[in-house]
file upload-v4.txt (compact mmCIF, C-alpha atoms)
# COMPACT_ATOMS: atom_id res chain seq x y z
CA MET R 1480 -31.45 18.26 -9.13
CA ASP R 1481 -34.40 16.37 -7.65
CA ASP R 1482 -32.24 13.97 -5.64
CA ARG R 1483 -30.37 16.78 -3.90
CA PRO R 1484 -31.28 18.30 -0.52
CA PRO R 1485 -34.02 20.93 -0.59
CA ILE R 1486 -32.90 24.52 -0.82
CA ASP R 1487 -34.01 27.04 1.79
CA LEU R 1488 -35.94 30.14 0.74
CA ILE R 1489 -36.29 32.99 3.23
CA MET R 1490 -39.32 35.25 2.82
CA PRO R 1491 -39.87 38.10 5.31
CA VAL R 1492 -43.51 39.21 5.47
CA PHE R 1493 -45.46 42.13 6.88
CA ASN R 1494 -49.22 41.92 6.30
CA GLU R 1495 -48.93 40.24 2.91
CA CYS R 1496 -52.40 38.63 2.84
CA GLY R 1497 -52.98 40.13 -0.59
CA ASN R 1498 -49.87 38.55 -2.10
CA ILE R 1499 -48.87 35.42 -0.21
CA GLU R 1500 -51.15 32.88 -1.90
CA ARG R 1501 -50.07 33.90 -5.37
CA ALA R 1502 -46.45 34.00 -4.21
CA LEU R 1503 -46.66 30.38 -3.05
CA ARG R 1504 -48.35 29.29 -6.25
CA GLU R 1505 -45.70 30.99 -8.35
CA LEU R 1506 -42.94 29.27 -6.37
CA ALA R 1507 -44.65 25.91 -6.80
CA GLU R 1508 -45.14 26.38 -10.54
CA LYS R 1509 -42.04 28.27 -11.60
CA ALA R 1510 -39.43 26.78 -9.24
CA PRO R 1511 -40.31 23.06 -9.26
CA ILE R 1512 -37.29 21.87 -7.29
CA PRO R 1513 -37.06 20.49 -3.73
CA LYS R 1514 -37.36 23.44 -1.39
CA ARG R 1515 -38.37 24.69 2.02
CA LEU R 1516 -39.84 28.15 2.34
CA ILE R 1517 -39.18 29.86 5.67
CA VAL R 1518 -41.74 32.63 6.12
CA VAL R 1519 -40.53 35.09 8.76
CA TYR R 1520 -43.04 37.31 10.53
CA ASP R 1521 -42.77 39.98 13.22
CA PHE R 1522 -46.03 39.73 15.15
CA ASP R 1523 -48.76 37.16 15.77
CA ASP R 1524 -51.52 39.33 14.27
CA ASP R 1525 -49.81 39.56 10.88
CA ASP R 1526 -52.58 39.00 8.32
CA THR R 1527 -50.29 36.71 6.31
CA LEU R 1528 -50.58 33.94 8.92
CA PRO R 1529 -54.28 32.98 8.51
CA VAL R 1530 -53.67 32.58 4.77
CA LEU R 1531 -50.71 30.31 5.49
CA ASP R 1532 -52.89 28.27 7.85
CA ARG R 1533 -55.50 27.80 5.11
CA LEU R 1534 -52.92 26.82 2.51
CA ALA R 1535 -50.81 24.55 4.73
CA PRO R 1536 -52.21 21.23 3.41
CA GLU R 1537 -51.51 22.30 -0.17
CA PHE R 1538 -47.97 23.57 0.48
CA PRO R 1539 -46.32 21.28 3.05
CA TRP R 1540 -42.89 22.71 2.17
CA VAL R 1541 -43.82 26.05 3.75
CA THR R 1542 -42.69 26.67 7.32
CA ARG R 1543 -42.67 29.79 9.46
CA THR R 1544 -40.54 31.34 12.12
CA LYS R 1545 -41.12 34.40 14.26
CA ASN R 1546 -38.60 37.21 14.19
CA VAL R 1547 -37.53 37.68 17.80
CA LEU R 1548 -34.51 39.89 17.04
CA GLY R 1549 -36.49 43.12 16.72
CA ARG R 1550 -39.04 44.25 14.18
CA GLY R 1551 -38.05 45.10 10.64
CA VAL R 1552 -37.03 43.42 7.42
CA LEU R 1553 -33.34 43.21 8.30
CA ASN R 1554 -33.94 41.36 11.56
CA ALA R 1555 -36.50 39.16 9.83
CA ILE R 1556 -33.87 38.16 7.31
CA ARG R 1557 -31.37 37.54 10.11
CA SER R 1558 -33.94 35.29 11.80
CA GLY R 1559 -34.47 33.42 8.55
CA ILE R 1560 -30.74 32.90 8.06
CA ALA R 1561 -30.50 31.52 11.60
CA ALA R 1562 -33.30 29.05 10.80
CA ALA R 1563 -31.80 27.92 7.49
CA THR R 1564 -30.02 24.57 7.28
CA SER R 1565 -29.58 23.94 3.55
CA ASP R 1566 -26.35 24.45 1.63
CA VAL R 1567 -28.25 26.91 -0.59
CA VAL R 1568 -30.16 29.89 0.83
CA ILE R 1569 -32.24 32.21 -1.35
CA ILE R 1570 -33.80 35.43 -0.09
CA THR R 1571 -36.97 36.48 -1.86
CA MET R 1572 -39.90 38.77 -1.14
CA ALA R 1573 -43.62 38.07 -0.90
CA ASP R 1574 -44.62 41.07 -3.00
CA LEU R 1575 -44.44 39.19 -6.34
CA SER R 1576 -41.66 41.47 -7.59
CA ASP R 1577 -39.01 38.76 -7.91
CA ASP R 1578 -38.63 36.58 -11.00
CA VAL R 1579 -38.81 33.23 -9.19
CA ALA R 1580 -38.61 31.31 -12.49
CA ILE R 1581 -34.82 31.85 -12.41
CA ILE R 1582 -34.40 30.05 -9.07
CA PRO R 1583 -33.40 26.69 -10.64
CA LYS R 1584 -30.76 28.48 -12.70
CA MET R 1585 -29.45 30.27 -9.61
CA VAL R 1586 -29.21 26.99 -7.72
CA ALA R 1587 -27.35 25.34 -10.61
CA LYS R 1588 -24.82 28.18 -10.63
CA LEU R 1589 -24.05 27.45 -6.97
CA ARG R 1590 -24.16 23.67 -6.93
CA ASP R 1591 -22.83 22.84 -10.39
CA GLU R 1592 -20.57 25.76 -11.28
CA GLY R 1593 -19.06 26.52 -7.87
CA PHE R 1594 -20.21 30.09 -7.34
CA ASP R 1595 -20.81 31.41 -3.83
CA ILE R 1596 -23.36 34.15 -4.56
CA VAL R 1597 -25.71 34.41 -7.52
CA CYS R 1598 -27.35 37.81 -7.98
CA ALA R 1599 -30.61 38.28 -9.82
CA SER R 1600 -29.72 41.19 -12.08
CA ARG R 1601 -32.14 43.77 -13.44
CA TYR R 1602 -29.41 45.76 -15.14
CA MET R 1603 -27.34 43.19 -17.05
CA LYS R 1604 -28.21 42.26 -20.63
CA GLY R 1605 -31.58 40.50 -20.60
CA GLY R 1606 -32.68 41.97 -17.25
CA ARG R 1607 -35.59 44.35 -16.76
CA HIS R 1608 -36.94 46.71 -14.10
CA ILE R 1609 -40.67 47.34 -14.52
CA GLY R 1610 -42.52 49.99 -12.55
CA GLY R 1611 -41.70 51.56 -9.21
CA PRO R 1612 -40.53 55.11 -8.43
CA TRP R 1613 -38.25 56.43 -11.16
CA LEU R 1614 -35.78 57.90 -8.66
CA LYS R 1615 -35.36 54.60 -6.84
CA LYS R 1616 -34.86 52.82 -10.17
CA ALA R 1617 -32.34 55.39 -11.41
CA MET R 1618 -30.33 55.27 -8.21
CA SER R 1619 -30.20 51.48 -7.94
CA ARG R 1620 -29.20 51.17 -11.60
CA THR R 1621 -26.53 53.85 -11.29
CA ALA R 1622 -25.13 52.24 -8.12
CA GLY R 1623 -25.04 48.74 -9.58
CA VAL R 1624 -23.64 49.56 -13.00
CA SER R 1625 -21.06 52.05 -11.70
CA LEU R 1626 -19.82 49.62 -9.03
CA HIS R 1627 -19.42 46.94 -11.68
CA HIS R 1628 -17.24 49.21 -13.81
CA LEU R 1629 -15.36 50.94 -10.98
CA THR R 1630 -14.54 47.92 -8.84
CA GLY R 1631 -14.94 44.87 -11.08
CA ILE R 1632 -17.67 43.37 -8.88
CA PRO R 1633 -19.15 40.74 -11.22
CA THR R 1634 -22.74 41.93 -11.04
CA HIS R 1635 -24.53 44.95 -12.47
CA ASP R 1636 -27.09 44.84 -9.65
CA ALA R 1637 -25.37 44.85 -6.27
CA THR R 1638 -28.45 46.23 -4.47
CA ASN R 1639 -31.03 43.63 -5.48
CA ALA R 1640 -32.08 41.57 -2.44
CA PHE R 1641 -33.20 38.62 -4.58
CA ARG R 1642 -30.19 36.34 -4.68
CA ALA R 1643 -28.84 32.92 -3.82
CA TYR R 1644 -26.04 32.26 -1.33
CA ARG R 1645 -24.03 29.35 -0.12
CA ARG R 1646 -25.09 29.24 3.51
CA GLU R 1647 -21.45 29.29 4.60
CA VAL R 1648 -21.13 32.79 3.11
CA LEU R 1649 -24.00 34.05 5.25
CA THR R 1650 -22.54 32.49 8.37
CA ALA R 1651 -19.00 33.70 7.68
CA ILE R 1652 -19.78 37.35 6.88
CA PRO R 1653 -21.36 39.33 9.74
CA ILE R 1654 -24.09 41.76 8.72
CA GLU R 1655 -23.35 45.17 10.21
CA SER R 1656 -26.17 47.05 8.49
CA THR R 1657 -28.77 48.64 10.73
CA GLY R 1658 -31.31 50.03 8.27
CA GLY R 1659 -32.75 47.49 5.88
CA PHE R 1660 -32.02 46.37 2.36
CA GLU R 1661 -28.60 48.01 2.22
CA TYR R 1662 -27.38 44.74 3.72
CA THR R 1663 -27.36 43.31 0.17
CA LEU R 1664 -24.79 45.86 -0.95
CA GLU R 1665 -22.82 45.21 2.24
CA LEU R 1666 -22.72 41.45 1.65
CA THR R 1667 -21.78 41.93 -2.02
CA ALA R 1668 -18.89 44.24 -1.17
CA LYS R 1669 -17.58 42.14 1.71
CA ALA R 1670 -17.88 38.86 -0.19
CA TYR R 1671 -16.06 40.25 -3.21
CA ALA R 1672 -13.29 41.69 -1.05
CA ALA R 1673 -12.94 38.31 0.68
CA GLY R 1674 -12.54 36.50 -2.64
CA TYR R 1675 -15.87 34.69 -2.84
CA ARG R 1676 -17.08 33.88 -6.34
CA ILE R 1677 -20.01 36.05 -7.44
CA THR R 1678 -22.03 35.89 -10.64
CA GLU R 1679 -25.38 37.11 -11.94
CA VAL R 1680 -28.30 35.95 -14.05
CA PRO R 1681 -30.77 38.24 -15.82
CA SER R 1682 -34.00 38.85 -13.96
CA THR R 1683 -37.18 40.86 -14.38
CA TRP R 1684 -38.26 42.88 -11.36
CA THR R 1685 -41.87 44.10 -11.29
CA ASP R 1686 -43.24 46.61 -8.80
CA ARG R 1687 -45.76 45.23 -6.29
CA VAL R 1688 -49.48 45.45 -7.09
CA ALA R 1689 -50.85 44.81 -3.57
CA GLY R 1690 -49.77 46.12 -0.18
CA ALA R 1691 -47.34 48.91 0.59
CA SER R 1692 -43.61 48.96 0.04
CA ARG R 1693 -41.46 49.33 3.16
CA PHE R 1694 -38.53 50.77 1.22
CA GLU R 1695 -37.56 54.16 2.71
CA LEU R 1696 -35.16 55.83 0.30
CA ARG R 1697 -34.41 58.96 2.34
CA LYS R 1698 -33.76 56.95 5.50
CA TRP R 1699 -31.60 54.28 3.89
CA LEU R 1700 -29.67 56.28 1.28
CA PRO R 1701 -26.78 57.25 3.63
CA LYS R 1702 -26.47 53.60 4.65
CA TYR R 1703 -26.23 52.51 1.00
CA LEU R 1704 -23.61 55.19 0.42
CA LYS R 1705 -21.49 53.79 3.26
CA TRP R 1706 -21.25 50.36 1.61
CA TYR R 1707 -20.85 51.82 -1.88
CA LEU R 1708 -17.74 53.66 -0.68
CA TYR R 1709 -16.56 50.53 1.14
CA ALA R 1710 -16.81 48.57 -2.11
CA CYS R 1711 -14.80 51.21 -3.96
CA MET R 1712 -12.08 51.19 -1.30
CA LYS R 1713 -11.92 47.40 -1.03
CA ARG R 1714 -11.85 46.62 -4.73
CA LEU R 1715 -9.58 43.77 -5.73
CA PRO R 1716 -6.46 44.56 -7.77
CA ASN R 1717 -6.60 43.69 -11.46
call {"tool": "encode", "arguments": {"input": "upload-v4.txt", "output": "structure tokens"}}
result
Amino acid sequence: MDDRPPIDLIMPVFNECGNIERALRELAEKAPIPKRLIVVYDFDDDDTLPVLDRLAPEFPWVTRTKNVLGRGVLNAIRSGIAAATSDVVIITMADLSDDVAIIPKMVAKLRDEGFDIVCASRYMKGGRHIGGPWLKKAMSRTAGVSLHHLTGIPTHDATNAFRAYRREVLTAIPIESTGGFEYTLELTAKAYAAGYRITEVPSTWTDRVAGASRFELRKWLPKYLKWYLYACMKRLPN
């Protein structure tokens, strides 16, 4: 894959000074393919930025863009998508939770096997979910596995934000979500209903060890429910 165009990775950050250096080193070591990392930040005083400045000579494939669409992870991801130019776009977090070693496999599924979305799956055979609040884990597992069986969506983990997309999917499907990470369930449901090819690869998710999670279950749960019901109503006929 080394002679192919670099992939684009989008990484929203919010005061990730405790994680960002290790995150870059893990990407360099575990995903040794041509890549550009687009770090998206909300404000100029974000403590991630001085660390990026210090590491810039060592990681020339890291770029940054400011989120000017409005603060929050969803708008940061939108800003990253707007800045992406590669045929392959992967969204990953800076909190060291994502299993970045599977990135080459995800890219191969898109470029060599013709899939449009590749989901990192904690809940398929071989996947794992380590740590984190038990309620959040139970709900995400129940949502992903039940949607797979009820609708035929070809992933057991429709809510995991760590995934690879053909860029054309991200430009063709408008994101209507207004909360945060429920956009992943929205994109999964809409893409499946539109006939895009979706697959999954097993992944290990590990709860963050530094910094604070911005996941707000009570606030976002109704928004997840909206797209869960959409997926059930839009399921493809057998």
call {"tool": "residues_around", "arguments": {"input": "upload-v4.txt", "residues": "segment 1656-1659 of chain R", "least_positions_apart": "2", "cutoff": "8 Å", "atoms": "all atoms listed in the file", "output": "ChimeraX atom specification"}}
result
/R:1551-1553,1654,1661-1662,1665,1698-1699,1702
call {"tool": "axis_aligned_box", "arguments": {"input": "upload-v4.txt", "around": "segment 1577-1586 of chain R", "padding_each_side": "4 Å", "output": "lines of an AutoDock Vina configuration file"}}
result
center_x = -34.1
center_y = 32.7
center_z = -10.2
size_x = 17.8
size_y = 20.1
size_z = 13.0
call {"tool": "closest_residue", "arguments": {"input": "upload-v4.txt", "among": "R:Tyr1520, R:Pro1701, R:Leu1531, R:Thr1564", "to": "Gly1549 of chain R", "atoms": "all atoms listed in the file"}}
result
R:Tyr1520
call {"tool": "residues_around", "arguments": {"input": "upload-v4.txt", "residues": "Lys1588 of chain R", "least_positions_apart": "6", "cutoff": "10 Å", "atoms": "only C-alpha atoms", "output": "list in words"}}
result
Ile1582, Phe1594, Asp1595, Ile1596, Val1597, Ala1643, Ile1677, Thr1678, Glu1679 and Val1680 of chain R
call {"tool": "residues_around", "arguments": {"input": "upload-v4.txt", "residues": "Tyr1709 of chain R", "least_positions_apart": "3", "cutoff": "12 Å", "atoms": "only C-alpha atoms", "output": "VMD selection string"}}
result
chain R and resid 1626 1630 1664 to 1672 1702 to 1706 1712 to 1715
call {"tool": "write_last_selection", "arguments": {"input": "upload-v4.txt", "atoms": "C-alpha atoms", "output": "CSV table (one decimal), in the frame of the given file"}}
result
chain,number,residue,atom,x,y,z
R,1626,LEU,CA,-19.8,49.6,-9.0
R,1630,THR,CA,-14.5,47.9,-8.8
R,1664,LEU,CA,-24.8,45.9,-1.0
R,1665,GLU,CA,-22.8,45.2,2.2
R,1666,LEU,CA,-22.7,41.4,1.6
R,1667,THR,CA,-21.8,41.9,-2.0
R,1668,ALA,CA,-18.9,44.2,-1.2
R,1669,LYS,CA,-17.6,42.1,1.7
R,1670,ALA,CA,-17.9,38.9,-0.2
R,1671,TYR,CA,-16.1,40.2,-3.2
R,1672,ALA,CA,-13.3,41.7,-1.0
R,1702,LYS,CA,-26.5,53.6,4.6
R,1703,TYR,CA,-26.2,52.5,1.0
R,1704,LEU,CA,-23.6,55.2,0.4
R,1705,LYS,CA,-21.5,53.8,3.3
R,1706,TRP,CA,-21.2,50.4,1.6
R,1712,MET,CA,-12.1,51.2,-1.3
R,1713,LYS,CA,-11.9,47.4,-1.0
R,1714,ARG,CA,-11.8,46.6,-4.7
R,1715,LEU,CA,-9.6,43.8,-5.7
call {"tool": "closest_atom_pairs", "arguments": {"input": "upload-v4.txt", "of": "segment 1635-1672 of chain R", "to": "segment 1486-1494 of chain R", "cutoff": "12 Å", "atoms": "all atoms listed in the file", "output": "CSV"}}
result
residue,atom,partner,partner_atom,distance
R:Ala1640,CA,R:Met1490,CA,11.0
R:Phe1641,CA,R:Ile1489,CA,10.1
R:Arg1642,CA,R:Leu1488,CA,10.0
R:Ala1643,CA,R:Leu1488,CA,8.9
R:Tyr1644,CA,R:Asp1487,CA,10.0
R:Arg1645,CA,R:Ile1486,CA,10.1
R:Arg1646,CA,R:Asp1487,CA,9.3
R:Gly1659,CA,R:Pro1491,CA,11.8
R:Phe1660,CA,R:Pro1491,CA,11.8
call {"tool": "residues_near_point", "arguments": {"input": "upload-v4.txt", "point": "(-30.6, 52.3, -14.3)", "cutoff": "12 Å", "atoms": "only C-alpha atoms", "output": "JSON, numbers by chain"}}
result
{"R": [1600, 1601, 1602, 1603, 1606, 1607, 1608, 1609, 1612, 1613, 1614, 1615, 1616, 1617, 1618, 1619, 1620, 1621, 1622, 1623, 1624, 1625, 1635, 1636, 1638]}
call {"tool": "closest_residue", "arguments": {"input": "upload-v4.txt", "among": "R:Glu1655, R:Ile1517, R:Cys1598, R:Lys1545", "to": "Met1572 of chain R", "atoms": "only C-alpha atoms"}}
result
R:Ile1517
call {"tool": "closest_residue", "arguments": {"input": "upload-v4.txt", "among": "R:Glu1647, R:Asp1482, R:Asp1686, R:Asp1521", "to": "Val1567 of chain R", "atoms": "only C-alpha atoms"}}
result
R:Glu1647
call {"tool": "closest_residue", "arguments": {"input": "upload-v4.txt", "among": "R:Gly1605, R:Pro1653, R:Pro1633, R:Pro1485", "to": "Arg1676 of chain R", "atoms": "all atoms listed in the file"}}
result
R:Pro1633
call {"tool": "build_atoms", "arguments": {"input": "upload-v4.txt", "residues": "segment 1507-1520 of chain R", "atoms": "N, CA and C atoms", "output": "CSV table (one decimal), in the coordinates of the input"}}
result
chain,number,residue,atom,x,y,z
R,1507,ALA,N,-44.4,27.3,-6.5
R,1507,ALA,CA,-44.6,25.9,-6.8
R,1507,ALA,C,-44.6,25.6,-8.3
R,1508,GLU,N,-45.1,26.6,-9.1
R,1508,GLU,CA,-45.1,26.4,-10.5
R,1508,GLU,C,-43.8,26.7,-11.2
R,1509,LYS,N,-43.2,27.8,-10.9
R,1509,LYS,CA,-42.0,28.3,-11.6
R,1509,LYS,C,-40.7,27.8,-11.1
R,1510,ALA,N,-40.7,27.3,-9.8
R,1510,ALA,CA,-39.4,26.8,-9.2
R,1510,ALA,C,-39.7,25.4,-8.7
R,1511,PRO,N,-39.9,24.4,-9.7
R,1511,PRO,CA,-40.3,23.1,-9.3
R,1511,PRO,C,-39.1,22.2,-8.9
R,1512,ILE,N,-38.4,22.6,-7.8
R,1512,ILE,CA,-37.3,21.9,-7.3
R,1512,ILE,C,-37.5,21.7,-5.8
R,1513,PRO,N,-36.9,20.7,-5.2
R,1513,PRO,CA,-37.1,20.5,-3.7
R,1513,PRO,C,-36.7,21.7,-3.0
R,1514,LYS,N,-37.6,22.2,-2.1
R,1514,LYS,CA,-37.4,23.4,-1.4
R,1514,LYS,C,-38.1,23.5,-0.1
R,1515,ARG,N,-37.7,24.3,0.8
R,1515,ARG,CA,-38.4,24.7,2.0
R,1515,ARG,C,-38.5,26.2,2.1
R,1516,LEU,N,-39.7,26.7,2.2
R,1516,LEU,CA,-39.8,28.2,2.3
R,1516,LEU,C,-40.0,28.5,3.8
R,1517,ILE,N,-39.1,29.4,4.3
R,1517,ILE,CA,-39.2,29.9,5.7
R,1517,ILE,C,-39.8,31.3,5.7
R,1518,VAL,N,-41.1,31.4,6.1
R,1518,VAL,CA,-41.7,32.6,6.1
R,1518,VAL,C,-41.5,33.2,7.5
R,1519,VAL,N,-40.9,34.4,7.5
R,1519,VAL,CA,-40.5,35.1,8.8
R,1519,VAL,C,-41.5,36.3,9.0
R,1520,TYR,N,-42.1,36.3,10.2
R,1520,TYR,CA,-43.0,37.3,10.5
R,1520,TYR,C,-42.7,38.0,11.8
